[in-house]
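Notes follow the structure.
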Amino acid sequence: MTKEAVYTHGHHESVLRSHSWRTAKNSAAYLLPYLKPDMKLLDIGCGPGTITADFAALLLQGHVTGLEVPGSEVLDKARAHASERGLANITFTTGDALALPFPDDTFDVVHAHQVLQHVGDPVQMLKEMRRVTKPGGIVAGRESDISGMAWYPESEGMDEWRRGYLRVARANGGEPDAGRRLHVWAKAAGFPKENITLSVGTWCYYTPEERAWWSGLWADRTVESGFAATAIKHGIYDEEGLKRVAEAWRQWGADEDGWFTLIHGELIARV
C-alpha cells in the first residue's frame with residue numbers, strides 16, 4: 001500500500017515567493033544539455049510554472065506539459081505566466097504523480113523539481129516517470145537535502161529550525177533528505193546503475209538583498225504556511241516555538257556576514 005503524504009508547505013504566498021523565483025537556469029541547469037528543440041517534456045509538480053515556461057521556450061518545436069495535484073489553484077498563475085510570455089506550446093493539467101494520467105512512452109523527458117521529497121512513495125513516482133518516458137528518454141529529478149544545508153554564523157535558533165523541519169516533513173510522510181537518496185530510489189524503480197548519472201547543484205545566498213529575501217520568506221513560511229499547522233498538530237512546535245525559529249531566520253538575514261547554501265542531489269536516468 002502506498003504511504004500517503006501531505007505537501008509540507010502548501011501554496012501560501014511565502015512559498016510561491018520562492019517557487020516563482022525558480023528558473024530552468026537556476027534550478028534545472030543539469031538537465032539543459034540533454035534538451036533538443038522538438039522534445040515532449042512533462043514537468044511534474046510545476047507550481048507557478050516558471051521552470052515549465054522556460055522549458056517551453058527552449059522546446060519551441062516540441063511541447064511541454066505541466067502537472068499539478070487536482071484542485072491546485074496555483075495553475076492559474078502558471079497559465080497566466082505562460083500567456084504573458086506568449087508560449088503556445090505548453091499546457092497545464094492535474095493528476096496523481098503516483099499514477100500519472102498518460103499512456104506509456106509518451107514523453108522524451110519527464111522532470112520533477114523538489115517533488116520526490118514530498119510524496120509518500122518516491123520509488124513508485126519514479127516508476128511512473130519511467131513508464132511514461134519513451135525508450136531512450138530521460139527521467140530527471142532534483143531534490144534538496146535539508147541536513148546538508150549550511151549557514152554562517154552558527155545559530156542555535158537555526159539549528160532548532162532544522163531539527164523541527166525534519167520532523168515536520170517526515171510527519172507529513174515525506175523525506176526531507178531526498179537529495180542523497182535519488183540514486184537508491186532510481187535503482188529500486190528499475191533503472192540500471194549504468195543508466196544513472198548523478199550531480200549536485202547549489203543555491204547560495206549572501207548579498208544583503210539575497211539574505212533579506214531568503215530569510216524573510218522562510219520566516220513567513222515558518223509561521224504562516226502549511227508547515228505551521230503540521231508542526232502544531234504533531235506537537236513539534238507551539239506558536240511561541242514557531243515565532244522563535246522565525247525570528248532566528250530574521251536575525252540570520254540581518255547579519256552582514258550571513259551566508260547560506262542549499263545543496264540538491266540531481267538525477268539523470270536513461271530509460
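Going through the C-alpha cells in order, the chains are called A, B, and so on, while each chain numbers its residues from 1 and the ligands are numbered from 1 in the order shown.
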
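By chain and then residue number, the residues within 9 Å of segment 180-193 of chain A are A:Leu116, A:Pro122, A:Val123, A:Gln124, A:Met125, A:Leu126, A:Lys127, A:Glu128, A:Arg130, A:Gly141, A:Arg142, A:Glu143, A:Ser144, A:Asp145, A:Asp177, A:Ala178, A:Asn195, A:Ile196, A:Thr197, A:Leu198, A:His264, A:Gly265, A:Glu266, A:Leu267, A:Ala269, A:Arg270, A:Val271, counting only C-alpha atoms and disregarding those fewer than 2 positions away in sequence.
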
Could you write out the selected residues, including N, CA and C atoms, as a PDB file, in the first residue's frame?
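Generated output (out.pdb):
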```pdb
ATOM      1  N   LEU A 116       9.828  14.675  -5.306  1.00  0.00           N
ATOM      2  CA  LEU A 116      10.008  13.338  -4.730  1.00  0.00           C
ATOM      3  C   LEU A 116      10.123  13.383  -3.210  1.00  0.00           C
ATOM      4  N   PRO A 122       8.331   7.661  -3.175  1.00  0.00           N
ATOM      5  CA  PRO A 122       9.149   8.192  -4.273  1.00  0.00           C
ATOM      6  C   PRO A 122       9.555   7.141  -5.291  1.00  0.00           C
ATOM      7  N   VAL A 123       9.693   5.902  -4.875  1.00  0.00           N
ATOM      8  CA  VAL A 123      10.047   4.845  -5.827  1.00  0.00           C
ATOM      9  C   VAL A 123       8.902   4.631  -6.810  1.00  0.00           C
ATOM     10  N   GLN A 124       7.678   4.614  -6.303  1.00  0.00           N
ATOM     11  CA  GLN A 124       6.523   4.476  -7.198  1.00  0.00           C
ATOM     12  C   GLN A 124       6.435   5.667  -8.155  1.00  0.00           C
ATOM     13  N   MET A 125       6.714   6.855  -7.689  1.00  0.00           N
ATOM     14  CA  MET A 125       6.695   8.017  -8.575  1.00  0.00           C
ATOM     15  C   MET A 125       7.742   7.874  -9.677  1.00  0.00           C
ATOM     16  N   LEU A 126       8.926   7.424  -9.324  1.00  0.00           N
ATOM     17  CA  LEU A 126       9.964   7.214 -10.331  1.00  0.00           C
ATOM     18  C   LEU A 126       9.569   6.107 -11.303  1.00  0.00           C
ATOM     19  N   LYS A 127       8.896   5.085 -10.828  1.00  0.00           N
ATOM     20  CA  LYS A 127       8.402   4.035 -11.734  1.00  0.00           C
ATOM     21  C   LYS A 127       7.420   4.624 -12.741  1.00  0.00           C
ATOM     22  N   GLU A 128       6.547   5.489 -12.270  1.00  0.00           N
ATOM     23  CA  GLU A 128       5.583   6.134 -13.152  1.00  0.00           C
ATOM     24  C   GLU A 128       6.278   7.081 -14.137  1.00  0.00           C
ATOM     25  N   ARG A 130       9.230   6.709 -15.257  1.00  0.00           N
ATOM     26  CA  ARG A 130       9.881   5.801 -16.215  1.00  0.00           C
ATOM     27  C   ARG A 130       8.865   5.242 -17.214  1.00  0.00           C
ATOM     28  N   GLY A 141      15.440  14.388 -12.000  1.00  0.00           N
ATOM     29  CA  GLY A 141      14.938  14.863 -10.726  1.00  0.00           C
ATOM     30  C   GLY A 141      15.996  15.637  -9.969  1.00  0.00           C
ATOM     31  N   ARG A 142      15.558  16.662  -9.269  1.00  0.00           N
ATOM     32  CA  ARG A 142      16.451  17.475  -8.429  1.00  0.00           C
ATOM     33  C   ARG A 142      15.765  17.666  -7.078  1.00  0.00           C
ATOM     34  N   GLU A 143      16.453  17.239  -6.021  1.00  0.00           N
ATOM     35  CA  GLU A 143      15.861  17.250  -4.695  1.00  0.00           C
ATOM     36  C   GLU A 143      16.819  17.856  -3.680  1.00  0.00           C
ATOM     37  N   SER A 144      16.275  18.687  -2.811  1.00  0.00           N
ATOM     38  CA  SER A 144      17.101  19.289  -1.777  1.00  0.00           C
ATOM     39  C   SER A 144      17.432  18.267  -0.688  1.00  0.00           C
ATOM     40  N   ASP A 145      18.366  18.644   0.160  1.00  0.00           N
ATOM     41  CA  ASP A 145      18.844  17.789   1.239  1.00  0.00           C
ATOM     42  C   ASP A 145      18.975  18.670   2.475  1.00  0.00           C
ATOM     43  N   ASP A 177      15.574  14.678   3.348  1.00  0.00           N
ATOM     44  CA  ASP A 177      16.942  14.454   2.860  1.00  0.00           C
ATOM     45  C   ASP A 177      16.910  13.607   1.593  1.00  0.00           C
ATOM     46  N   ALA A 178      16.040  13.983   0.680  1.00  0.00           N
ATOM     47  CA  ALA A 178      15.849  13.211  -0.551  1.00  0.00           C
ATOM     48  C   ALA A 178      17.061  13.275  -1.469  1.00  0.00           C
ATOM     49  N   ASN A 195      22.727   3.368 -16.114  1.00  0.00           N
ATOM     50  CA  ASN A 195      21.886   4.368 -16.768  1.00  0.00           C
ATOM     51  C   ASN A 195      21.678   5.611 -15.909  1.00  0.00           C
ATOM     52  N   ILE A 196      22.332   5.648 -14.743  1.00  0.00           N
ATOM     53  CA  ILE A 196      22.120   6.725 -13.783  1.00  0.00           C
ATOM     54  C   ILE A 196      23.332   7.646 -13.750  1.00  0.00           C
ATOM     55  N   THR A 197      23.080   8.947 -13.870  1.00  0.00           N
ATOM     56  CA  THR A 197      24.111   9.969 -13.735  1.00  0.00           C
ATOM     57  C   THR A 197      23.706  10.913 -12.613  1.00  0.00           C
ATOM     58  N   LEU A 198      24.631  11.158 -11.686  1.00  0.00           N
ATOM     59  CA  LEU A 198      24.347  11.996 -10.529  1.00  0.00           C
ATOM     60  C   LEU A 198      25.207  13.251 -10.528  1.00  0.00           C
ATOM     61  N   HIS A 264      21.464  20.344  -3.581  1.00  0.00           N
ATOM     62  CA  HIS A 264      20.476  19.472  -4.213  1.00  0.00           C
ATOM     63  C   HIS A 264      21.176  18.284  -4.847  1.00  0.00           C
ATOM     64  N   GLY A 265      20.632  17.100  -4.630  1.00  0.00           N
ATOM     65  CA  GLY A 265      21.030  15.967  -5.449  1.00  0.00           C
ATOM     66  C   GLY A 265      20.315  16.047  -6.784  1.00  0.00           C
ATOM     67  N   GLU A 266      21.012  15.686  -7.863  1.00  0.00           N
ATOM     68  CA  GLU A 266      20.458  15.760  -9.211  1.00  0.00           C
ATOM     69  C   GLU A 266      20.601  14.412  -9.900  1.00  0.00           C
ATOM     70  N   LEU A 267      19.534  13.996 -10.566  1.00  0.00           N
ATOM     71  CA  LEU A 267      19.482  12.674 -11.171  1.00  0.00           C
ATOM     72  C   LEU A 267      19.126  12.775 -12.642  1.00  0.00           C
ATOM     73  N   ALA A 269      18.358   9.811 -15.360  1.00  0.00           N
ATOM     74  CA  ALA A 269      18.219   8.360 -15.511  1.00  0.00           C
ATOM     75  C   ALA A 269      17.688   8.055 -16.913  1.00  0.00           C
ATOM     76  N   ARG A 270      18.456   7.298 -17.666  1.00  0.00           N
ATOM     77  CA  ARG A 270      18.068   6.926 -19.025  1.00  0.00           C
ATOM     78  C   ARG A 270      17.121   5.737 -18.993  1.00  0.00           C
ATOM     79  N   VAL A 271      16.071   5.825 -19.806  1.00  0.00           N
ATOM     80  CA  VAL A 271      15.103   4.741 -19.901  1.00  0.00           C
ATOM     81  C   VAL A 271      15.550   3.741 -20.960  1.00  0.00           C
TER      82      VAL A 271
END
```

Contact residues around segment 151-154 of chain A with only C-alpha atoms at 10 Å, ignoring same-chain residues under 6 positions, as a ChimeraX atom specification: /A:204-206,252,255-262

Residue selection dump (N, CA, C and O atoms) as a PDB file, in the first residue's frame:
```pdb
ATOM      1  N   CYS A 204      23.004  29.645  -3.319  1.00  0.00           N
ATOM      2  CA  CYS A 204      23.797  30.330  -2.304  1.00  0.00           C
ATOM      3  C   CYS A 204      23.263  31.752  -2.135  1.00  0.00           C
ATOM      4  O   CYS A 204      23.012  32.444  -3.117  1.00  0.00           O
ATOM      5  N   TYR A 205      23.089  32.165  -0.885  1.00  0.00           N
ATOM      6  CA  TYR A 205      22.554  33.487  -0.580  1.00  0.00           C
ATOM      7  C   TYR A 205      23.502  34.202   0.379  1.00  0.00           C
ATOM      8  O   TYR A 205      23.785  33.687   1.464  1.00  0.00           O
ATOM      9  N   TYR A 206      23.995  35.375  -0.028  1.00  0.00           N
ATOM     10  CA  TYR A 206      24.917  36.084   0.850  1.00  0.00           C
ATOM     11  C   TYR A 206      24.860  37.598   0.714  1.00  0.00           C
ATOM     12  O   TYR A 206      25.269  38.314   1.628  1.00  0.00           O
ATOM     13  N   TRP A 252      19.445  35.872  11.286  1.00  0.00           N
ATOM     14  CA  TRP A 252      20.473  35.448  10.326  1.00  0.00           C
ATOM     15  C   TRP A 252      20.491  36.378   9.121  1.00  0.00           C
ATOM     16  O   TRP A 252      21.545  36.825   8.666  1.00  0.00           O
ATOM     17  N   ASP A 255      22.321  39.715   9.590  1.00  0.00           N
ATOM     18  CA  ASP A 255      23.765  39.678   9.887  1.00  0.00           C
ATOM     19  C   ASP A 255      24.556  39.948   8.616  1.00  0.00           C
ATOM     20  O   ASP A 255      24.420  39.232   7.623  1.00  0.00           O
ATOM     21  N   GLU A 256      25.387  40.967   8.638  1.00  0.00           N
ATOM     22  CA  GLU A 256      26.126  41.341   7.425  1.00  0.00           C
ATOM     23  C   GLU A 256      27.099  40.265   6.971  1.00  0.00           C
ATOM     24  O   GLU A 256      27.526  40.262   5.809  1.00  0.00           O
ATOM     25  N   ASP A 257      27.440  39.340   7.847  1.00  0.00           N
ATOM     26  CA  ASP A 257      28.317  38.228   7.476  1.00  0.00           C
ATOM     27  C   ASP A 257      27.532  36.962   7.151  1.00  0.00           C
ATOM     28  O   ASP A 257      28.124  35.895   6.932  1.00  0.00           O
ATOM     29  N   GLY A 258      26.221  37.065   7.090  1.00  0.00           N
ATOM     30  CA  GLY A 258      25.405  35.890   6.844  1.00  0.00           C
ATOM     31  C   GLY A 258      25.658  35.255   5.485  1.00  0.00           C
ATOM     32  O   GLY A 258      25.832  35.955   4.474  1.00  0.00           O
ATOM     33  N   TRP A 259      25.668  33.940   5.469  1.00  0.00           N
ATOM     34  CA  TRP A 259      25.903  33.140   4.251  1.00  0.00           C
ATOM     35  C   TRP A 259      25.109  31.861   4.399  1.00  0.00           C
ATOM     36  O   TRP A 259      25.021  31.296   5.493  1.00  0.00           O
ATOM     37  N   PHE A 260      24.505  31.417   3.291  1.00  0.00           N
ATOM     38  CA  PHE A 260      23.659  30.223   3.348  1.00  0.00           C
ATOM     39  C   PHE A 260      23.781  29.465   2.036  1.00  0.00           C
ATOM     40  O   PHE A 260      23.757  30.072   0.954  1.00  0.00           O
ATOM     41  N   THR A 261      23.892  28.157   2.129  1.00  0.00           N
ATOM     42  CA  THR A 261      23.860  27.349   0.914  1.00  0.00           C
ATOM     43  C   THR A 261      22.927  26.163   1.104  1.00  0.00           C
ATOM     44  O   THR A 261      22.826  25.592   2.188  1.00  0.00           O
ATOM     45  N   LEU A 262      22.230  25.839   0.029  1.00  0.00           N
ATOM     46  CA  LEU A 262      21.313  24.701  -0.007  1.00  0.00           C
ATOM     47  C   LEU A 262      21.767  23.778  -1.131  1.00  0.00           C
ATOM     48  O   LEU A 262      21.880  24.214  -2.280  1.00  0.00           O
TER      49      LEU A 262
END
```

Selection near Ala53 of chain A, 12 Å with only C-alpha atoms, sequence-local residues under 3 positions removed, as JSON, numbers by chain: {"A": [20, 22, 23, 24, 25, 41, 42, 43, 46, 47, 48, 49, 50, 56, 57, 58, 59, 60, 63, 64, 65, 66, 77, 78, 79, 80, 81, 82, 83, 84, 85, 86, 87, 88, 89, 90, 91, 92]}

Could you dump the residues just selected with N, CA, C and O atoms as a compact mmCIF listing (two decimals), in the first residue's frame?
```
# COMPACT_ATOMS: atom_id res chain seq x y z
N SER A 20 8.34 31.03 -7.48
CA SER A 20 8.28 31.90 -8.66
C SER A 20 9.65 32.45 -9.05
O SER A 20 9.83 32.94 -10.17
N ARG A 22 12.25 30.53 -9.26
CA ARG A 22 12.98 29.42 -9.88
C ARG A 22 12.90 29.50 -11.40
O ARG A 22 11.86 29.80 -11.97
N THR A 23 14.00 29.20 -12.03
CA THR A 23 14.10 29.17 -13.49
C THR A 23 14.77 27.87 -13.91
O THR A 23 15.34 27.16 -13.09
N ALA A 24 14.73 27.59 -15.19
CA ALA A 24 15.44 26.42 -15.69
C ALA A 24 16.94 26.57 -15.44
O ALA A 24 17.64 25.59 -15.16
N LYS A 25 17.44 27.80 -15.52
CA LYS A 25 18.87 28.02 -15.34
C LYS A 25 19.31 27.80 -13.90
O LYS A 25 20.33 27.16 -13.64
N LEU A 41 8.08 17.18 -23.17
CA LEU A 41 8.56 17.14 -21.80
C LEU A 41 7.38 17.26 -20.83
O LEU A 41 6.47 18.07 -21.03
N LEU A 42 7.42 16.47 -19.77
CA LEU A 42 6.45 16.54 -18.68
C LEU A 42 7.15 17.10 -17.45
O LEU A 42 8.19 16.59 -17.04
N ASP A 43 6.57 18.15 -16.86
CA ASP A 43 7.10 18.76 -15.65
C ASP A 43 6.13 18.49 -14.50
O ASP A 43 5.06 19.09 -14.43
N CYS A 46 4.62 21.34 -11.18
CA CYS A 46 5.11 22.54 -11.88
C CYS A 46 4.89 23.82 -11.10
O CYS A 46 5.52 24.84 -11.38
N GLY A 47 3.99 23.82 -10.11
CA GLY A 47 3.77 25.02 -9.31
C GLY A 47 3.38 26.21 -10.17
O GLY A 47 2.56 26.07 -11.09
N PRO A 48 3.95 27.39 -9.93
CA PRO A 48 3.58 28.57 -10.70
C PRO A 48 4.11 28.60 -12.12
O PRO A 48 3.87 29.56 -12.86
N GLY A 49 4.84 27.56 -12.51
CA GLY A 49 5.17 27.37 -13.92
C GLY A 49 6.35 28.13 -14.46
O GLY A 49 6.53 28.18 -15.69
N THR A 50 7.20 28.68 -13.62
CA THR A 50 8.33 29.45 -14.14
C THR A 50 9.38 28.55 -14.80
O THR A 50 9.90 28.88 -15.87
N ALA A 56 9.49 25.34 -22.12
CA ALA A 56 8.72 25.56 -23.35
C ALA A 56 9.44 26.52 -24.29
O ALA A 56 9.41 26.34 -25.51
N ALA A 57 10.10 27.53 -23.73
CA ALA A 57 10.84 28.48 -24.56
C ALA A 57 12.04 27.82 -25.24
O ALA A 57 12.48 28.26 -26.31
N LEU A 58 12.55 26.75 -24.63
CA LEU A 58 13.69 26.03 -25.22
C LEU A 58 13.24 24.95 -26.19
O LEU A 58 14.02 24.52 -27.05
N LEU A 59 12.00 24.49 -26.06
CA LEU A 59 11.49 23.38 -26.86
C LEU A 59 10.39 23.87 -27.80
O LEU A 59 9.29 23.31 -27.84
N LEU A 60 10.67 24.89 -28.56
CA LEU A 60 9.64 25.55 -29.36
C LEU A 60 9.07 24.66 -30.46
O LEU A 60 7.95 24.87 -30.92
N HIS A 63 6.75 20.20 -27.18
CA HIS A 63 5.62 20.55 -26.32
C HIS A 63 5.97 20.24 -24.88
O HIS A 63 6.66 19.26 -24.59
N VAL A 64 5.46 21.09 -23.97
CA VAL A 64 5.69 20.91 -22.54
C VAL A 64 4.34 20.83 -21.83
O VAL A 64 3.44 21.62 -22.09
N THR A 65 4.23 19.85 -20.93
CA THR A 65 3.03 19.69 -20.10
C THR A 65 3.42 19.88 -18.65
O THR A 65 4.35 19.24 -18.15
N GLY A 66 2.71 20.77 -17.96
CA GLY A 66 2.91 20.98 -16.53
C GLY A 66 1.82 20.27 -15.75
O GLY A 66 0.64 20.40 -16.08
N LYS A 77 -1.89 30.74 -11.91
CA LYS A 77 -0.67 31.55 -12.02
C LYS A 77 0.23 31.01 -13.13
O LYS A 77 0.83 31.78 -13.88
N ALA A 78 0.33 29.69 -13.23
CA ALA A 78 1.17 29.08 -14.26
C ALA A 78 0.66 29.43 -15.66
O ALA A 78 1.45 29.78 -16.55
N ARG A 79 -0.63 29.32 -15.86
CA ARG A 79 -1.21 29.64 -17.18
C ARG A 79 -1.01 31.11 -17.52
O ARG A 79 -0.70 31.47 -18.66
N ALA A 80 -1.20 31.98 -16.52
CA ALA A 80 -1.02 33.41 -16.76
C ALA A 80 0.42 33.73 -17.11
O ALA A 80 0.70 34.54 -18.01
N HIS A 81 1.35 33.07 -16.44
CA HIS A 81 2.78 33.30 -16.71
C HIS A 81 3.14 32.87 -18.13
O HIS A 81 3.83 33.60 -18.85
N ALA A 82 2.65 31.70 -18.54
CA ALA A 82 2.93 31.22 -19.90
C ALA A 82 2.31 32.14 -20.93
O ALA A 82 2.91 32.43 -21.99
N SER A 83 1.11 32.63 -20.66
CA SER A 83 0.44 33.53 -21.59
C SER A 83 1.20 34.85 -21.72
O SER A 83 1.37 35.38 -22.83
N GLU A 84 1.67 35.37 -20.60
CA GLU A 84 2.45 36.62 -20.63
C GLU A 84 3.70 36.48 -21.47
O GLU A 84 4.15 37.44 -22.10
N ARG A 85 4.25 35.28 -21.51
CA ARG A 85 5.47 35.03 -22.31
C ARG A 85 5.15 34.64 -23.75
O ARG A 85 6.07 34.41 -24.53
N GLY A 86 3.87 34.54 -24.08
CA GLY A 86 3.47 34.22 -25.44
C GLY A 86 3.80 32.81 -25.87
O GLY A 86 4.04 32.56 -27.06
N LEU A 87 3.76 31.87 -24.94
CA LEU A 87 4.12 30.48 -25.23
C LEU A 87 2.89 29.68 -25.62
O LEU A 87 1.94 29.56 -24.83
N ALA A 88 2.90 29.13 -26.82
CA ALA A 88 1.74 28.35 -27.31
C ALA A 88 1.96 26.85 -27.20
O ALA A 88 1.03 26.08 -27.42
N ASN A 89 3.16 26.43 -26.90
CA ASN A 89 3.50 25.00 -26.88
C ASN A 89 3.53 24.44 -25.46
O ASN A 89 4.37 23.60 -25.11
N ILE A 90 2.60 24.90 -24.63
CA ILE A 90 2.59 24.50 -23.24
C ILE A 90 1.15 24.33 -22.77
O ILE A 90 0.28 25.15 -23.12
N THR A 91 0.91 23.27 -22.02
CA THR A 91 -0.41 23.05 -21.41
C THR A 91 -0.21 22.65 -19.97
O THR A 91 0.84 22.14 -19.58
N PHE A 92 -1.25 22.87 -19.17
CA PHE A 92 -1.22 22.52 -17.76
C PHE A 92 -2.41 21.65 -17.43
O PHE A 92 -3.52 21.88 -17.92
```

Shell of 12 Å around Phe102 of chain A, only C-alpha atoms, local chain residues under 4 positions omitted, as a PDB file with N, CA, C and O atoms, in the first residue's frame:
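What follows is the written file around_24.pdb:
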```pdb
ATOM      1  N   LEU A  42       7.416  16.469 -19.768  1.00  0.00           N
ATOM      2  CA  LEU A  42       6.451  16.545 -18.680  1.00  0.00           C
ATOM      3  C   LEU A  42       7.152  17.105 -17.455  1.00  0.00           C
ATOM      4  O   LEU A  42       8.193  16.590 -17.043  1.00  0.00           O
ATOM      5  N   THR A  65       4.227  19.850 -20.927  1.00  0.00           N
ATOM      6  CA  THR A  65       3.032  19.688 -20.100  1.00  0.00           C
ATOM      7  C   THR A  65       3.421  19.879 -18.646  1.00  0.00           C
ATOM      8  O   THR A  65       4.348  19.244 -18.152  1.00  0.00           O
ATOM      9  N   LEU A  67       2.205  19.531 -14.719  1.00  0.00           N
ATOM     10  CA  LEU A  67       1.259  18.743 -13.932  1.00  0.00           C
ATOM     11  C   LEU A  67       1.259  19.193 -12.487  1.00  0.00           C
ATOM     12  O   LEU A  67       2.321  19.388 -11.885  1.00  0.00           O
ATOM     13  N   THR A  93      -2.182  20.657 -16.598  1.00  0.00           N
ATOM     14  CA  THR A  93      -3.250  19.740 -16.220  1.00  0.00           C
ATOM     15  C   THR A  93      -3.003  19.258 -14.805  1.00  0.00           C
ATOM     16  O   THR A  93      -2.003  19.613 -14.163  1.00  0.00           O
ATOM     17  N   THR A  94      -3.926  18.446 -14.297  1.00  0.00           N
ATOM     18  CA  THR A  94      -3.785  17.913 -12.945  1.00  0.00           C
ATOM     19  C   THR A  94      -3.757  16.388 -12.991  1.00  0.00           C
ATOM     20  O   THR A  94      -4.215  15.762 -13.948  1.00  0.00           O
ATOM     21  N   GLY A  95      -3.223  15.799 -11.943  1.00  0.00           N
ATOM     22  CA  GLY A  95      -3.143  14.348 -11.870  1.00  0.00           C
ATOM     23  C   GLY A  95      -2.297  13.909 -10.697  1.00  0.00           C
ATOM     24  O   GLY A  95      -1.700  14.726  -9.988  1.00  0.00           O
ATOM     25  N   ASP A  96      -2.238  12.618 -10.499  1.00  0.00           N
ATOM     26  CA  ASP A  96      -1.527  11.990  -9.393  1.00  0.00           C
ATOM     27  C   ASP A  96      -0.149  11.547  -9.869  1.00  0.00           C
ATOM     28  O   ASP A  96      -0.036  10.748 -10.810  1.00  0.00           O
ATOM     29  N   ALA A  97       0.896  12.041  -9.222  1.00  0.00           N
ATOM     30  CA  ALA A  97       2.259  11.675  -9.616  1.00  0.00           C
ATOM     31  C   ALA A  97       2.546  10.198  -9.397  1.00  0.00           C
ATOM     32  O   ALA A  97       3.479   9.650  -9.997  1.00  0.00           O
ATOM     33  N   LEU A  98       1.759   9.533  -8.556  1.00  0.00           N
ATOM     34  CA  LEU A  98       1.956   8.109  -8.303  1.00  0.00           C
ATOM     35  C   LEU A  98       1.152   7.231  -9.263  1.00  0.00           C
ATOM     36  O   LEU A  98       1.289   6.008  -9.259  1.00  0.00           O
ATOM     37  N   THR A 106       5.126   8.253 -23.596  1.00  0.00           N
ATOM     38  CA  THR A 106       4.542   9.490 -24.120  1.00  0.00           C
ATOM     39  C   THR A 106       5.557  10.602 -24.292  1.00  0.00           C
ATOM     40  O   THR A 106       5.496  11.376 -25.254  1.00  0.00           O
ATOM     41  N   PHE A 107       6.523  10.722 -23.356  1.00  0.00           N
ATOM     42  CA  PHE A 107       7.395  11.889 -23.305  1.00  0.00           C
ATOM     43  C   PHE A 107       8.859  11.518 -23.562  1.00  0.00           C
ATOM     44  O   PHE A 107       9.295  10.411 -23.255  1.00  0.00           O
ATOM     45  N   VAL A 110      10.891  13.441 -18.639  1.00  0.00           N
ATOM     46  CA  VAL A 110       9.978  13.642 -17.515  1.00  0.00           C
ATOM     47  C   VAL A 110      10.801  14.211 -16.367  1.00  0.00           C
ATOM     48  O   VAL A 110      11.782  13.602 -15.926  1.00  0.00           O
ATOM     49  N   GLU A 128       6.547   5.489 -12.270  1.00  0.00           N
ATOM     50  CA  GLU A 128       5.583   6.134 -13.152  1.00  0.00           C
ATOM     51  C   GLU A 128       6.278   7.081 -14.137  1.00  0.00           C
ATOM     52  O   GLU A 128       5.921   7.142 -15.326  1.00  0.00           O
ATOM     53  N   MET A 129       7.264   7.817 -13.659  1.00  0.00           N
ATOM     54  CA  MET A 129       8.035   8.686 -14.552  1.00  0.00           C
ATOM     55  C   MET A 129       8.705   7.856 -15.647  1.00  0.00           C
ATOM     56  O   MET A 129       8.714   8.237 -16.822  1.00  0.00           O
ATOM     57  N   ARG A 130       9.230   6.709 -15.257  1.00  0.00           N
ATOM     58  CA  ARG A 130       9.881   5.801 -16.215  1.00  0.00           C
ATOM     59  C   ARG A 130       8.865   5.242 -17.214  1.00  0.00           C
ATOM     60  O   ARG A 130       9.135   5.163 -18.417  1.00  0.00           O
ATOM     61  N   ARG A 131       7.690   4.889 -16.719  1.00  0.00           N
ATOM     62  CA  ARG A 131       6.666   4.290 -17.580  1.00  0.00           C
ATOM     63  C   ARG A 131       6.243   5.220 -18.713  1.00  0.00           C
ATOM     64  O   ARG A 131       6.050   4.790 -19.849  1.00  0.00           O
ATOM     65  N   VAL A 132       6.074   6.504 -18.409  1.00  0.00           N
ATOM     66  CA  VAL A 132       5.559   7.435 -19.422  1.00  0.00           C
ATOM     67  C   VAL A 132       6.667   8.053 -20.273  1.00  0.00           C
ATOM     68  O   VAL A 132       6.392   8.869 -21.145  1.00  0.00           O
ATOM     69  N   THR A 133       7.905   7.646 -20.038  1.00  0.00           N
ATOM     70  CA  THR A 133       9.041   8.123 -20.827  1.00  0.00           C
ATOM     71  C   THR A 133       9.335   7.151 -21.959  1.00  0.00           C
ATOM     72  O   THR A 133       9.335   5.938 -21.770  1.00  0.00           O
ATOM     73  N   LYS A 134       9.600   7.704 -23.131  1.00  0.00           N
ATOM     74  CA  LYS A 134       9.910   6.872 -24.298  1.00  0.00           C
ATOM     75  C   LYS A 134      11.235   6.135 -24.098  1.00  0.00           C
ATOM     76  O   LYS A 134      12.129   6.626 -23.400  1.00  0.00           O
TER      77      LYS A 134
END
```

Would you pick out the contacts of Ser147 of chain A at 9 Å or less, using only C-alpha atoms, so that residues sharing its chain but fewer than 2 positions from it are not included, and give the list as an mmCIF file with C-alpha atoms, in the first residue's frame?
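Output saved as around.cif:
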```
data_model
loop_
_atom_site.group_PDB
_atom_site.id
_atom_site.type_symbol
_atom_site.label_atom_id
_atom_site.label_comp_id
_atom_site.auth_asym_id
_atom_site.auth_seq_id
_atom_site.Cartn_x
_atom_site.Cartn_y
_atom_site.Cartn_z
ATOM 1 C CA ASP A 145 18.844 17.789 1.239
ATOM 2 C CA MET A 149 22.178 22.856 4.399
ATOM 3 C CA ALA A 150 24.964 25.028 5.765
ATOM 4 C CA ARG A 162 16.273 22.370 11.023
ATOM 5 C CA ARG A 163 15.538 19.764 13.680
ATOM 6 C CA LEU A 166 12.997 17.345 9.526
ATOM 7 C CA PRO A 176 13.497 15.950 3.556
ATOM 8 C CA ASP A 177 16.942 14.454 2.860
#
```

Those of segment 68-230 of chain A in DSSP strand (DSSP E), formatted as a PyMOL selection string: chain A and resi 68+90-94+107-113+133-144+150-152+196-205

Residue contacts of segment 173-175 of chain A (6 Å, only C-alpha atoms) excluding same-chain residues fewer than 4 positions away, as an MDAnalysis selection string: chainID A and resid 5 117:120 169

Pairwise distance for atom CA of Val74 of chain A and atom CA of Val168 of chain A, rounded to one decimal in Å: 22.9 Å

Residues near Ser155 of chain A, cut-off 10 Å, only C-alpha atoms, skip fewer than 3 positions along chain, as an MDAnalysis selection string: chainID A and resid 151:152 158:161 248:249 251:252

Atom pair atom CA of Ala228 of chain A / atom CA of Gly216 of chain A: separation (Å): 15.4 Å

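Remark: for Phe55 of chain A, the closest of the candidate residues A:Asp238, A:Asp121, A:Asp38, A:Glu68 is A:Asp38 (distances computed over only C-alpha atoms).
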
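Counting only C-alpha atoms, the residue from A:Ile263, A:Gly148, A:Arg244, A:Lys233 that sits nearest to Ser199 of chain A is A:Ile263.
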
Test item, helix (DSSP H, G or I) assignment across segment 164-218 of chain A, answer as a PyMOL selection string: chain A and resi 164-171+178-188+193-195+208-218

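For the pair atom CA of Gly137 of chain A and atom CA of Ile44 of chain A, the interatomic distance is 15.8 Å.
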